[in-house]
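J.: What follows is a single structure, and I will ask about it in a moment.
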Amino acid sequence: MRKAKLRTQGQEVELAYEDVGHGPAVALLHGFCGSSQYWKLVVPALANSYRLIIPDLRGHGQSSIPEGPYLMETMAEDIAELLEELSIGRAVLFGHSMGGYVAAAFAGKHPDILAGCALIHSTTLPDDEQGKQKRDQSITAIRHHGMAAFADDLIPKLFAQSNLTTKRQEVERVKEICQTMKPDGAVRSLQGMKERTDRTMVLKKTQVPVLLIAGSEDQVVTPDKTFAAEGEGISKFVLEGAGHMGMYEAPDELADRLKSFLDEIYS
């Protein structure tokens, strides 16, 4: 892992990241309680043709844990700063779950350096009142019981029921990644997700290609929420039999669709 010391909105943050492959730039943004490791099974199919920038978002993985809350706009600025640090003038963003929220915020703030974006198991919609209550409940659970217990409860819900046995090793790997996250980083990320705004019109009006990917069995972000944004440049794809973790549940199929999307942009 490499590390970049950045200054985002007057706040110092150190982002750990991987820089893999050669070609047009693609930033891969992981979901809540994840890390750059979430993309491990997808990277080989893309790295032969594209330069992949794979950060640990602030508060996650090996990146620093500055004061919060971690607003989606703030994390989008982290990515813009990282791309500038790496002298990358334009990039496609792939965002999983929370990473998709960040990608949508990025699309609104930095359309000039966005070549395209994909939201994977994500949505442009904000939390409803029930969703905000769940964020608060998660914050309370983390503060009172720690990350290990939180991961044990959360991670099985991210996989399709049928994959809990057939993908047992993958489930345990995701648990390990979540359990090693620092509680402060998790809490500050939850606070930021709770405050995010509706970005449906941002994607609808964007001038670059957009890909929305949903898992047919996703109970966390259901397909109707993923596909809330519609527009001429927006395409949709369903990973059949996958829950919220297509990178682990259907990595080959996901990688093929992402590569096709990139090839269409850069043809």
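The chains in the structure tokens are called A, B, ... from first to last as shown; in each chain the residues are counted from 1, and the ligands are counted from 1 in the order shown.
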Skipping near chain neighbours, those fewer than 4 positions away, what residues fall within 12 Å of Arg257 in chain A using only C-alpha atoms, listed as a list in words?
T.: Val42, Ala45, Leu46, Phe94, Ala118, Ile120, Leu211, Leu212, Ile213, Ala214, Ser235, Lys236, Phe237, Val238, Leu239, Gly246, Met247, Ala250, Pro251, Asp252, Glu253, Phe261, Leu262, Asp263 and Glu264 of chain A
J.: Write the residues of the selection above to a file with N, CA, C and O atoms, as a short mmCIF file (atom, residue, chain, number, x, y, z; two decimals), in the first residue's frame.
T.:
data_model
loop_
_atom_site.label_atom_id
_atom_site.label_comp_id
_atom_site.auth_asym_id
_atom_site.auth_seq_id
_atom_site.Cartn_x
_atom_site.Cartn_y
_atom_site.Cartn_z
N VAL A 42 -11.77 -8.61 -8.33
CA VAL A 42 -12.18 -7.92 -9.55
C VAL A 42 -10.98 -7.32 -10.28
O VAL A 42 -10.97 -7.21 -11.51
N ALA A 45 -9.04 -8.72 -13.71
CA ALA A 45 -9.72 -8.60 -15.01
C ALA A 45 -9.62 -7.20 -15.60
O ALA A 45 -9.82 -7.02 -16.80
N LEU A 46 -9.29 -6.21 -14.76
CA LEU A 46 -9.27 -4.82 -15.22
C LEU A 46 -7.86 -4.26 -15.38
O LEU A 46 -7.64 -3.34 -16.17
N PHE A 94 -15.77 3.85 -9.78
CA PHE A 94 -16.63 2.72 -9.43
C PHE A 94 -16.85 2.78 -7.92
O PHE A 94 -15.87 2.75 -7.16
N ALA A 118 -19.87 4.18 -12.03
CA ALA A 118 -20.75 3.04 -11.78
C ALA A 118 -21.07 3.00 -10.30
O ALA A 118 -20.17 3.11 -9.46
N ILE A 120 -22.52 0.50 -7.55
CA ILE A 120 -22.67 -0.94 -7.38
C ILE A 120 -23.29 -1.21 -6.01
O ILE A 120 -22.69 -0.86 -4.98
N LEU A 211 -23.38 3.64 -14.99
CA LEU A 211 -23.81 2.24 -14.88
C LEU A 211 -24.30 1.98 -13.47
O LEU A 211 -23.61 2.31 -12.49
N LEU A 212 -25.50 1.42 -13.35
CA LEU A 212 -26.07 1.06 -12.05
C LEU A 212 -26.15 -0.46 -11.97
O LEU A 212 -26.74 -1.10 -12.85
N ILE A 213 -25.55 -1.04 -10.93
CA ILE A 213 -25.52 -2.49 -10.78
C ILE A 213 -26.18 -2.88 -9.46
O ILE A 213 -25.79 -2.37 -8.40
N ALA A 214 -27.15 -3.77 -9.52
CA ALA A 214 -27.88 -4.23 -8.33
C ALA A 214 -27.76 -5.75 -8.21
O ALA A 214 -27.63 -6.46 -9.22
N SER A 235 -27.25 3.18 -17.76
CA SER A 235 -27.57 1.78 -18.04
C SER A 235 -27.66 1.01 -16.73
O SER A 235 -27.11 1.41 -15.71
N LYS A 236 -28.40 -0.11 -16.78
CA LYS A 236 -28.68 -0.89 -15.57
C LYS A 236 -28.32 -2.35 -15.79
O LYS A 236 -28.44 -2.87 -16.89
N PHE A 237 -27.87 -2.98 -14.71
CA PHE A 237 -27.48 -4.38 -14.79
C PHE A 237 -27.77 -5.07 -13.47
O PHE A 237 -27.54 -4.51 -12.40
N VAL A 238 -28.30 -6.30 -13.54
CA VAL A 238 -28.63 -7.07 -12.34
C VAL A 238 -27.70 -8.27 -12.23
O VAL A 238 -27.54 -9.05 -13.19
N LEU A 239 -27.06 -8.42 -11.07
CA LEU A 239 -26.28 -9.62 -10.75
C LEU A 239 -27.24 -10.64 -10.14
O LEU A 239 -27.63 -10.51 -8.98
N GLY A 246 -21.50 -8.18 -4.49
CA GLY A 246 -21.22 -8.78 -5.79
C GLY A 246 -19.74 -9.05 -6.04
O GLY A 246 -19.39 -9.98 -6.76
N MET A 247 -18.85 -8.26 -5.43
CA MET A 247 -17.41 -8.45 -5.62
C MET A 247 -16.95 -9.80 -5.08
O MET A 247 -15.93 -10.33 -5.51
N ALA A 250 -20.30 -12.71 -6.98
CA ALA A 250 -20.26 -12.94 -8.43
C ALA A 250 -19.13 -12.12 -9.05
O ALA A 250 -19.36 -11.28 -9.93
N PRO A 251 -17.88 -12.33 -8.60
CA PRO A 251 -16.78 -11.46 -9.03
C PRO A 251 -16.50 -11.49 -10.52
O PRO A 251 -16.20 -10.45 -11.11
N ASP A 252 -16.59 -12.66 -11.14
CA ASP A 252 -16.28 -12.74 -12.57
C ASP A 252 -17.32 -12.00 -13.40
O ASP A 252 -16.98 -11.27 -14.34
N GLU A 253 -18.58 -12.20 -13.07
CA GLU A 253 -19.65 -11.55 -13.80
C GLU A 253 -19.59 -10.03 -13.60
O GLU A 253 -19.77 -9.26 -14.55
N PHE A 261 -18.10 -1.86 -19.63
CA PHE A 261 -18.45 -0.45 -19.43
C PHE A 261 -17.25 0.44 -19.73
O PHE A 261 -17.37 1.45 -20.45
N LEU A 262 -16.07 0.08 -19.21
CA LEU A 262 -14.87 0.85 -19.46
C LEU A 262 -14.49 0.82 -20.94
O LEU A 262 -14.11 1.85 -21.51
N ASP A 263 -14.61 -0.34 -21.55
CA ASP A 263 -14.26 -0.46 -22.97
C ASP A 263 -15.16 0.42 -23.83
O ASP A 263 -14.74 0.99 -24.84
N GLU A 264 -16.45 0.52 -23.45
CA GLU A 264 -17.38 1.37 -24.18
C GLU A 264 -16.99 2.84 -24.05
O GLU A 264 -17.07 3.62 -25.02
#
J.: Within 9 Å of Ile155 in chain A, counting only C-alpha atoms, which residues show up once you throw out same-chain ones fewer than 5 positions away? Write them as a PDB file with N, CA and C atoms, in the first residue's frame, please.
T.:
ATOM      1  N   PHE A 150     -20.441  -6.093  16.077  1.00  0.00           N
ATOM      2  CA  PHE A 150     -21.149  -5.397  14.995  1.00  0.00           C
ATOM      3  C   PHE A 150     -20.976  -6.142  13.675  1.00  0.00           C
ATOM      4  N   VAL A 171     -17.534 -14.803   3.231  1.00  0.00           N
ATOM      5  CA  VAL A 171     -18.236 -14.161   4.345  1.00  0.00           C
ATOM      6  C   VAL A 171     -17.271 -13.889   5.492  1.00  0.00           C
ATOM      7  N   GLU A 172     -16.460 -14.875   5.826  1.00  0.00           N
ATOM      8  CA  GLU A 172     -15.509 -14.716   6.927  1.00  0.00           C
ATOM      9  C   GLU A 172     -14.457 -13.661   6.609  1.00  0.00           C
ATOM     10  N   VAL A 174     -14.853 -10.960   4.710  1.00  0.00           N
ATOM     11  CA  VAL A 174     -15.480  -9.643   4.862  1.00  0.00           C
ATOM     12  C   VAL A 174     -15.636  -9.305   6.346  1.00  0.00           C
ATOM     13  N   LYS A 175     -15.982 -10.302   7.156  1.00  0.00           N
ATOM     14  CA  LYS A 175     -16.061 -10.081   8.608  1.00  0.00           C
ATOM     15  C   LYS A 175     -14.729  -9.601   9.164  1.00  0.00           C
ATOM     16  N   CYS A 178     -14.113  -5.978   8.364  1.00  0.00           N
ATOM     17  CA  CYS A 178     -14.979  -5.115   9.168  1.00  0.00           C
ATOM     18  C   CYS A 178     -14.521  -5.067  10.624  1.00  0.00           C
TER      19      CYS A 178
END
J.: Near range 193-209 of chain A, counting only C-alpha atoms, which residues have an atom at most 7 Å away, once you skip same-chain residues fewer than 5 positions from it, shown as a VMD selection string?
T.: chain A and resid 71 to 72 104 107 to 108 115 to 117 124 to 127 132 135 229 to 231 233 to 234
J.: Grab the residues selected above and save them as an mmCIF file, in the first residue's frame with N, CA and C atoms.
T.:
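Result file is out_27.cif:
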data_model
loop_
_atom_site.group_PDB
_atom_site.id
_atom_site.type_symbol
_atom_site.label_atom_id
_atom_site.label_comp_id
_atom_site.auth_asym_id
_atom_site.auth_seq_id
_atom_site.Cartn_x
_atom_site.Cartn_y
_atom_site.Cartn_z
ATOM 1 N N LEU A 71 -18.738 13.384 5.789
ATOM 2 C CA LEU A 71 -19.754 13.651 4.777
ATOM 3 C C LEU A 71 -19.314 13.065 3.442
ATOM 4 N N MET A 72 -20.280 12.681 2.614
ATOM 5 C CA MET A 72 -19.957 12.116 1.315
ATOM 6 C C MET A 72 -19.199 13.130 0.460
ATOM 7 N N ALA A 104 -21.312 9.477 -6.373
ATOM 8 C CA ALA A 104 -22.401 10.380 -6.772
ATOM 9 C C ALA A 104 -22.111 11.810 -6.331
ATOM 10 N N ALA A 107 -19.576 13.192 -8.667
ATOM 11 C CA ALA A 107 -20.179 13.565 -9.958
ATOM 12 C C ALA A 107 -20.788 14.957 -9.903
ATOM 13 N N GLY A 108 -21.339 15.314 -8.743
ATOM 14 C CA GLY A 108 -21.922 16.639 -8.595
ATOM 15 C C GLY A 108 -20.896 17.736 -8.428
ATOM 16 N N ALA A 115 -14.954 10.826 -15.984
ATOM 17 C CA ALA A 115 -15.125 10.249 -17.319
ATOM 18 C C ALA A 115 -16.308 9.286 -17.379
ATOM 19 N N GLY A 116 -16.797 8.882 -16.225
ATOM 20 C CA GLY A 116 -17.913 7.951 -16.128
ATOM 21 C C GLY A 116 -17.983 7.431 -14.710
ATOM 22 N N CYS A 117 -19.110 6.832 -14.335
ATOM 23 C CA CYS A 117 -19.178 6.267 -12.990
ATOM 24 C C CYS A 117 -20.155 5.097 -12.942
ATOM 25 N N THR A 124 -28.718 6.664 -5.291
ATOM 26 C CA THR A 124 -28.624 8.125 -5.215
ATOM 27 C C THR A 124 -29.578 8.695 -4.178
ATOM 28 N N LEU A 125 -30.446 7.853 -3.627
ATOM 29 C CA LEU A 125 -31.457 8.324 -2.679
ATOM 30 C C LEU A 125 -30.852 8.541 -1.291
ATOM 31 N N PRO A 126 -31.359 9.489 -0.527
ATOM 32 C CA PRO A 126 -30.905 9.679 0.854
ATOM 33 C C PRO A 126 -31.563 8.661 1.779
ATOM 34 N N ASP A 127 -31.094 8.607 3.011
ATOM 35 C CA ASP A 127 -31.762 7.774 4.018
ATOM 36 C C ASP A 127 -33.156 8.327 4.299
ATOM 37 N N LYS A 132 -32.319 6.462 8.858
ATOM 38 C CA LYS A 132 -31.561 7.288 9.800
ATOM 39 C C LYS A 132 -31.580 6.685 11.200
ATOM 40 N N ARG A 135 -29.057 3.974 11.308
ATOM 41 C CA ARG A 135 -27.686 4.514 11.467
ATOM 42 C C ARG A 135 -27.408 4.786 12.944
ATOM 43 N N ALA A 229 -32.336 6.282 -10.272
ATOM 44 C CA ALA A 229 -31.908 7.281 -11.254
ATOM 45 C C ALA A 229 -32.120 6.740 -12.661
ATOM 46 N N GLU A 230 -32.745 7.543 -13.506
ATOM 47 C CA GLU A 230 -32.982 7.164 -14.895
ATOM 48 C C GLU A 230 -32.571 8.302 -15.809
ATOM 49 N N GLY A 231 -32.058 7.952 -16.967
ATOM 50 C CA GLY A 231 -31.645 8.972 -17.926
ATOM 51 C C GLY A 231 -31.065 8.330 -19.163
ATOM 52 N N GLY A 233 -28.150 8.465 -20.530
ATOM 53 C CA GLY A 233 -26.808 7.895 -20.425
ATOM 54 C C GLY A 233 -26.653 6.878 -19.314
ATOM 55 N N ILE A 234 -27.769 6.473 -18.690
ATOM 56 C CA ILE A 234 -27.723 5.556 -17.555
ATOM 57 C C ILE A 234 -28.130 4.152 -17.992
#
J.: Among the residues of range 6-184 of chain A, find those DSSP assigns to helix (DSSP H, G or I) from the backbone and print them as a PyMOL selection string.
T.: chain A and resi 36-39+43-47+72-85+98-109+111-113+129-158+163-166+168-179+183-184
J.: Would you write out those residues with C-alpha atoms, as a tab-separated table (two decimals), in the first residue's frame?
T.:
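Here's the written file again22.tsv:
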chain	number	residue	atom	x	y	z
A	36	SER	CA	-9.35	-1.66	-0.83
A	37	GLN	CA	-9.30	-5.43	-0.25
A	38	TYR	CA	-12.98	-5.56	-1.26
A	39	TRP	CA	-11.88	-5.28	-4.91
A	43	VAL	CA	-8.79	-6.25	-10.07
A	44	PRO	CA	-7.08	-8.91	-12.25
A	45	ALA	CA	-9.72	-8.60	-15.01
A	46	LEU	CA	-9.27	-4.82	-15.22
A	47	ALA	CA	-5.58	-4.19	-14.52
A	72	MET	CA	-19.96	12.12	1.31
A	73	GLU	CA	-18.86	15.46	-0.14
A	74	THR	CA	-15.77	15.40	2.09
A	75	MET	CA	-14.79	11.90	0.99
A	76	ALA	CA	-15.39	12.94	-2.63
A	77	GLU	CA	-12.92	15.78	-2.07
A	78	ASP	CA	-10.41	13.25	-0.69
A	79	ILE	CA	-10.62	11.38	-4.00
A	80	ALA	CA	-10.29	14.58	-6.04
A	81	GLU	CA	-7.21	15.52	-4.01
A	82	LEU	CA	-5.72	12.05	-4.45
A	83	LEU	CA	-6.23	12.14	-8.22
A	84	GLU	CA	-4.57	15.56	-8.36
A	85	GLU	CA	-1.68	14.26	-6.24
A	98	MET	CA	-21.05	3.90	0.57
A	99	GLY	CA	-18.41	4.25	-2.14
A	100	GLY	CA	-21.29	4.78	-4.55
A	101	TYR	CA	-22.59	7.62	-2.38
A	102	VAL	CA	-19.12	9.14	-2.61
A	103	ALA	CA	-19.02	8.65	-6.40
A	104	ALA	CA	-22.40	10.38	-6.77
A	105	ALA	CA	-21.16	13.29	-4.65
A	106	PHE	CA	-18.03	13.43	-6.80
A	107	ALA	CA	-20.18	13.56	-9.96
A	108	GLY	CA	-21.92	16.64	-8.60
A	109	LYS	CA	-18.77	18.42	-7.46
A	111	PRO	CA	-17.94	16.76	-13.45
A	112	ASP	CA	-14.88	18.16	-15.26
A	113	ILE	CA	-12.64	15.28	-14.13
A	129	GLU	CA	-36.41	8.26	8.60
A	130	GLN	CA	-36.20	4.52	9.21
A	131	GLY	CA	-32.78	4.45	7.60
A	132	LYS	CA	-31.56	7.29	9.80
A	133	GLN	CA	-32.81	5.45	12.88
A	134	LYS	CA	-30.83	2.38	11.78
A	135	ARG	CA	-27.69	4.51	11.47
A	136	ASP	CA	-28.18	5.71	15.05
A	137	GLN	CA	-28.77	2.15	16.24
A	138	SER	CA	-25.55	1.05	14.54
A	139	ILE	CA	-23.63	3.88	16.20
A	140	THR	CA	-24.98	2.84	19.60
A	141	ALA	CA	-24.14	-0.83	18.94
A	142	ILE	CA	-20.55	0.00	17.96
A	143	ARG	CA	-20.00	2.26	20.96
A	144	HIS	CA	-21.40	-0.27	23.42
A	145	HIS	CA	-20.32	-3.61	21.96
A	146	GLY	CA	-17.40	-2.93	19.60
A	147	MET	CA	-16.63	-3.82	16.00
A	148	ALA	CA	-16.40	-7.60	16.37
A	149	ALA	CA	-19.98	-7.97	17.56
A	150	PHE	CA	-21.15	-5.40	15.00
A	151	ALA	CA	-19.48	-7.32	12.16
A	152	ASP	CA	-20.96	-10.63	13.33
A	153	ASP	CA	-24.42	-9.07	13.09
A	154	LEU	CA	-23.95	-7.00	9.92
A	155	ILE	CA	-21.96	-9.10	7.47
A	156	PRO	CA	-24.31	-12.10	7.04
A	157	LYS	CA	-27.04	-9.64	6.04
A	158	LEU	CA	-24.90	-8.44	3.14
A	163	ASN	CA	-24.39	-17.75	-0.48
A	164	LEU	CA	-23.95	-17.84	3.30
A	165	THR	CA	-23.00	-21.52	3.01
A	166	THR	CA	-21.54	-21.72	-0.52
A	168	ARG	CA	-18.53	-19.18	3.66
A	169	GLN	CA	-14.86	-18.29	3.19
A	170	GLU	CA	-15.79	-14.98	1.53
A	171	VAL	CA	-18.24	-14.16	4.34
A	172	GLU	CA	-15.51	-14.72	6.93
A	173	ARG	CA	-13.05	-12.57	4.95
A	174	VAL	CA	-15.48	-9.64	4.86
A	175	LYS	CA	-16.06	-10.08	8.61
A	176	GLU	CA	-12.32	-9.86	9.23
A	177	ILE	CA	-12.04	-6.63	7.26
A	178	CYS	CA	-14.98	-5.11	9.17
A	179	GLN	CA	-13.76	-6.27	12.58
A	183	PRO	CA	-14.83	2.27	15.97
A	184	ASP	CA	-14.30	6.01	15.50
J.: Would you compute the distance between CA of Ile265 in chain A and CA of Gly31 in chain A? Give it in Å to one decimal.
T.: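 Interatomic distance, CA of Ile265 in chain A to CA of Gly31 in chain A: 24.0 Å.
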J.: Would you mind listing what lies within 10 Å of Lys3 in chain A as a VMD selection string, with only C-alpha atoms counted and same-chain residues fewer than 6 positions away left out?
T.: chain A and resid 14 to 18 55 to 56 62 to 64 82
J.: May I have the selected residues written with N, CA, C and O atoms, as a compact mmCIF listing (two decimals), in the first residue's frame?
T.:
# COMPACT_ATOMS: atom_id res chain seq x y z
N GLU A 14 -4.53 11.23 5.69
CA GLU A 14 -3.60 10.36 4.99
C GLU A 14 -4.38 9.18 4.41
O GLU A 14 -4.99 8.41 5.15
N LEU A 15 -4.39 9.07 3.08
CA LEU A 15 -5.09 7.99 2.42
C LEU A 15 -4.11 6.92 1.97
O LEU A 15 -3.14 7.20 1.26
N ALA A 16 -4.39 5.69 2.39
CA ALA A 16 -3.66 4.54 1.86
C ALA A 16 -4.34 4.13 0.56
O ALA A 16 -5.56 4.21 0.44
N TYR A 17 -3.54 3.69 -0.41
CA TYR A 17 -4.14 3.32 -1.69
C TYR A 17 -3.22 2.36 -2.44
O TYR A 17 -2.01 2.31 -2.21
N GLU A 18 -3.82 1.62 -3.36
CA GLU A 18 -3.07 0.80 -4.30
C GLU A 18 -3.13 1.46 -5.67
O GLU A 18 -4.15 2.08 -6.01
N PRO A 55 -8.27 3.23 -3.17
CA PRO A 55 -7.97 3.77 -1.84
C PRO A 55 -8.73 3.07 -0.71
O PRO A 55 -9.77 2.46 -0.93
N ASP A 56 -8.17 3.17 0.47
CA ASP A 56 -8.94 2.98 1.70
C ASP A 56 -9.54 4.35 2.02
O ASP A 56 -8.80 5.32 2.23
N GLN A 62 -6.11 1.22 6.13
CA GLN A 62 -4.87 1.79 6.65
C GLN A 62 -4.84 3.32 6.55
O GLN A 62 -3.81 3.94 6.80
N SER A 63 -5.97 3.92 6.17
CA SER A 63 -6.02 5.38 6.10
C SER A 63 -6.22 5.98 7.49
O SER A 63 -6.61 5.28 8.44
N SER A 64 -5.96 7.27 7.61
CA SER A 64 -6.07 7.93 8.91
C SER A 64 -7.53 8.14 9.31
O SER A 64 -8.45 7.96 8.50
N LEU A 82 -6.61 13.17 -4.15
CA LEU A 82 -5.72 12.05 -4.45
C LEU A 82 -5.43 11.98 -5.95
O LEU A 82 -4.27 11.78 -6.35
J.: Taking the DSSP assignment computed from this structure's backbone, write out as a JSON list (two decimals) with all heavy atoms, in the first residue's frame all residues of range 110-230 of chain A that belong to strand (DSSP E or B).
T.:
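Wrote it out as out-v6.json, contents follow:
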[["chain", "number", "residue", "atom", "x", "y", "z"],
["A", 114, "LEU", "N", -14.55, 13.80, -14.27],
["A", 114, "LEU", "CA", -15.23, 12.51, -14.25],
["A", 114, "LEU", "C", -15.47, 12.02, -15.67],
["A", 114, "LEU", "O", -16.11, 12.70, -16.47],
["A", 114, "LEU", "CB", -16.57, 12.63, -13.51],
["A", 114, "LEU", "CG", -17.35, 11.33, -13.29],
["A", 114, "LEU", "CD1", -16.63, 10.43, -12.30],
["A", 114, "LEU", "CD2", -18.77, 11.63, -12.81],
["A", 115, "ALA", "N", -14.95, 10.83, -15.98],
["A", 115, "ALA", "CA", -15.13, 10.25, -17.32],
["A", 115, "ALA", "C", -16.31, 9.29, -17.38],
["A", 115, "ALA", "O", -16.76, 8.90, -18.45],
["A", 115, "ALA", "CB", -13.85, 9.53, -17.74],
["A", 116, "GLY", "N", -16.80, 8.88, -16.23],
["A", 116, "GLY", "CA", -17.91, 7.95, -16.13],
["A", 116, "GLY", "C", -17.98, 7.43, -14.71],
["A", 116, "GLY", "O", -17.03, 7.59, -13.94],
["A", 117, "CYS", "N", -19.11, 6.83, -14.34],
["A", 117, "CYS", "CA", -19.18, 6.27, -12.99],
["A", 117, "CYS", "C", -20.15, 5.10, -12.94],
["A", 117, "CYS", "O", -21.11, 5.03, -13.72],
["A", 117, "CYS", "CB", -19.54, 7.31, -11.95],
["A", 117, "CYS", "SG", -21.22, 7.91, -11.98],
["A", 118, "ALA", "N", -19.87, 4.18, -12.03],
["A", 118, "ALA", "CA", -20.75, 3.04, -11.78],
["A", 118, "ALA", "C", -21.07, 3.00, -10.30],
["A", 118, "ALA", "O", -20.17, 3.11, -9.46],
["A", 118, "ALA", "CB", -20.09, 1.74, -12.21],
["A", 119, "LEU", "N", -22.34, 2.85, -9.98],
["A", 119, "LEU", "CA", -22.79, 2.65, -8.60],
["A", 119, "LEU", "C", -23.17, 1.19, -8.46],
["A", 119, "LEU", "O", -24.04, 0.68, -9.19],
["A", 119, "LEU", "CB", -23.99, 3.54, -8.28],
["A", 119, "LEU", "CG", -23.69, 4.95, -7.73],
["A", 119, "LEU", "CD1", -22.82, 5.73, -8.70],
["A", 119, "LEU", "CD2", -24.98, 5.70, -7.44],
["A", 120, "ILE", "N", -22.52, 0.50, -7.55],
["A", 120, "ILE", "CA", -22.67, -0.94, -7.38],
["A", 120, "ILE", "C", -23.29, -1.21, -6.01],
["A", 120, "ILE", "O", -22.69, -0.86, -4.98],
["A", 120, "ILE", "CB", -21.30, -1.63, -7.50],
["A", 120, "ILE", "CG1", -20.65, -1.26, -8.86],
["A", 120, "ILE", "CG2", -21.42, -3.14, -7.35],
["A", 120, "ILE", "CD1", -19.15, -1.42, -8.87],
["A", 210, "VAL", "N", -23.16, 6.38, -17.15],
["A", 210, "VAL", "CA", -23.40, 5.91, -15.78],
["A", 210, "VAL", "C", -23.91, 4.48, -15.85],
["A", 210, "VAL", "O", -24.77, 4.15, -16.67],
["A", 210, "VAL", "CB", -24.44, 6.80, -15.07],
["A", 210, "VAL", "CG1", -24.80, 6.22, -13.70],
["A", 210, "VAL", "CG2", -23.93, 8.22, -14.92],
["A", 211, "LEU", "N", -23.38, 3.64, -14.99],
["A", 211, "LEU", "CA", -23.81, 2.24, -14.88],
["A", 211, "LEU", "C", -24.30, 1.98, -13.47],
["A", 211, "LEU", "O", -23.61, 2.31, -12.49],
["A", 211, "LEU", "CB", -22.66, 1.30, -15.20],
["A", 211, "LEU", "CG", -22.89, -0.20, -14.99],
["A", 211, "LEU", "CD1", -24.01, -0.73, -15.88],
["A", 211, "LEU", "CD2", -21.59, -0.98, -15.23],
["A", 212, "LEU", "N", -25.50, 1.42, -13.35],
["A", 212, "LEU", "CA", -26.07, 1.06, -12.05],
["A", 212, "LEU", "C", -26.15, -0.46, -11.97],
["A", 212, "LEU", "O", -26.74, -1.10, -12.85],
["A", 212, "LEU", "CB", -27.46, 1.67, -11.88],
["A", 212, "LEU", "CG", -27.57, 3.19, -12.07],
["A", 212, "LEU", "CD1", -29.02, 3.63, -11.98],
["A", 212, "LEU", "CD2", -26.71, 3.92, -11.05],
["A", 213, "ILE", "N", -25.55, -1.04, -10.93],
["A", 213, "ILE", "CA", -25.52, -2.49, -10.78],
["A", 213, "ILE", "C", -26.18, -2.88, -9.46],
["A", 213, "ILE", "O", -25.79, -2.37, -8.40],
["A", 213, "ILE", "CB", -24.09, -3.04, -10.83],
["A", 213, "ILE", "CG1", -23.46, -2.75, -12.20],
["A", 213, "ILE", "CG2", -24.06, -4.53, -10.54],
["A", 213, "ILE", "CD1", -22.05, -3.25, -12.35],
["A", 214, "ALA", "N", -27.15, -3.77, -9.52],
["A", 214, "ALA", "CA", -27.88, -4.23, -8.33],
["A", 214, "ALA", "C", -27.76, -5.75, -8.21],
["A", 214, "ALA", "O", -27.63, -6.46, -9.22],
["A", 214, "ALA", "CB", -29.35, -3.84, -8.41],
["A", 215, "GLY", "N", -27.82, -6.25, -6.98],
["A", 215, "GLY", "CA", -27.92, -7.68, -6.74],
["A", 215, "GLY", "C", -29.39, -8.07, -6.64],
["A", 215, "GLY", "O", -30.16, -7.40, -5.94]]
J.: In Å, with one decimal, what is the gap from CA of Lys5 in chain A to CA of Ile88 in chain A?
T.: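 Computing the Euclidean distance for CA of Lys5 in chain A and CA of Ile88 in chain A yields 16.2 Å.
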J.: My list of candidates is A:Arg90, A:Arg7, A:Arg58, A:Lys40. Which is closest to Gly192 in chain A when distances are computed with only C-alpha atoms?
T.: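 Ranked by minimum distance to Gly192 in chain A, first place goes to A:Arg58.
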J.: Quick one: residues within 6 Å of His121 in chain A, only C-alpha atoms counted, chain neighbours fewer than 5 positions away excluded, as a PyMOL selection string?
T.: chain A and resi 96-97+214+244
J.: Record the distance separating CA of Phe32 in chain A and CA of Asp256 in chain A, expressed in Å with one decimal.
T.: 23.8 Å
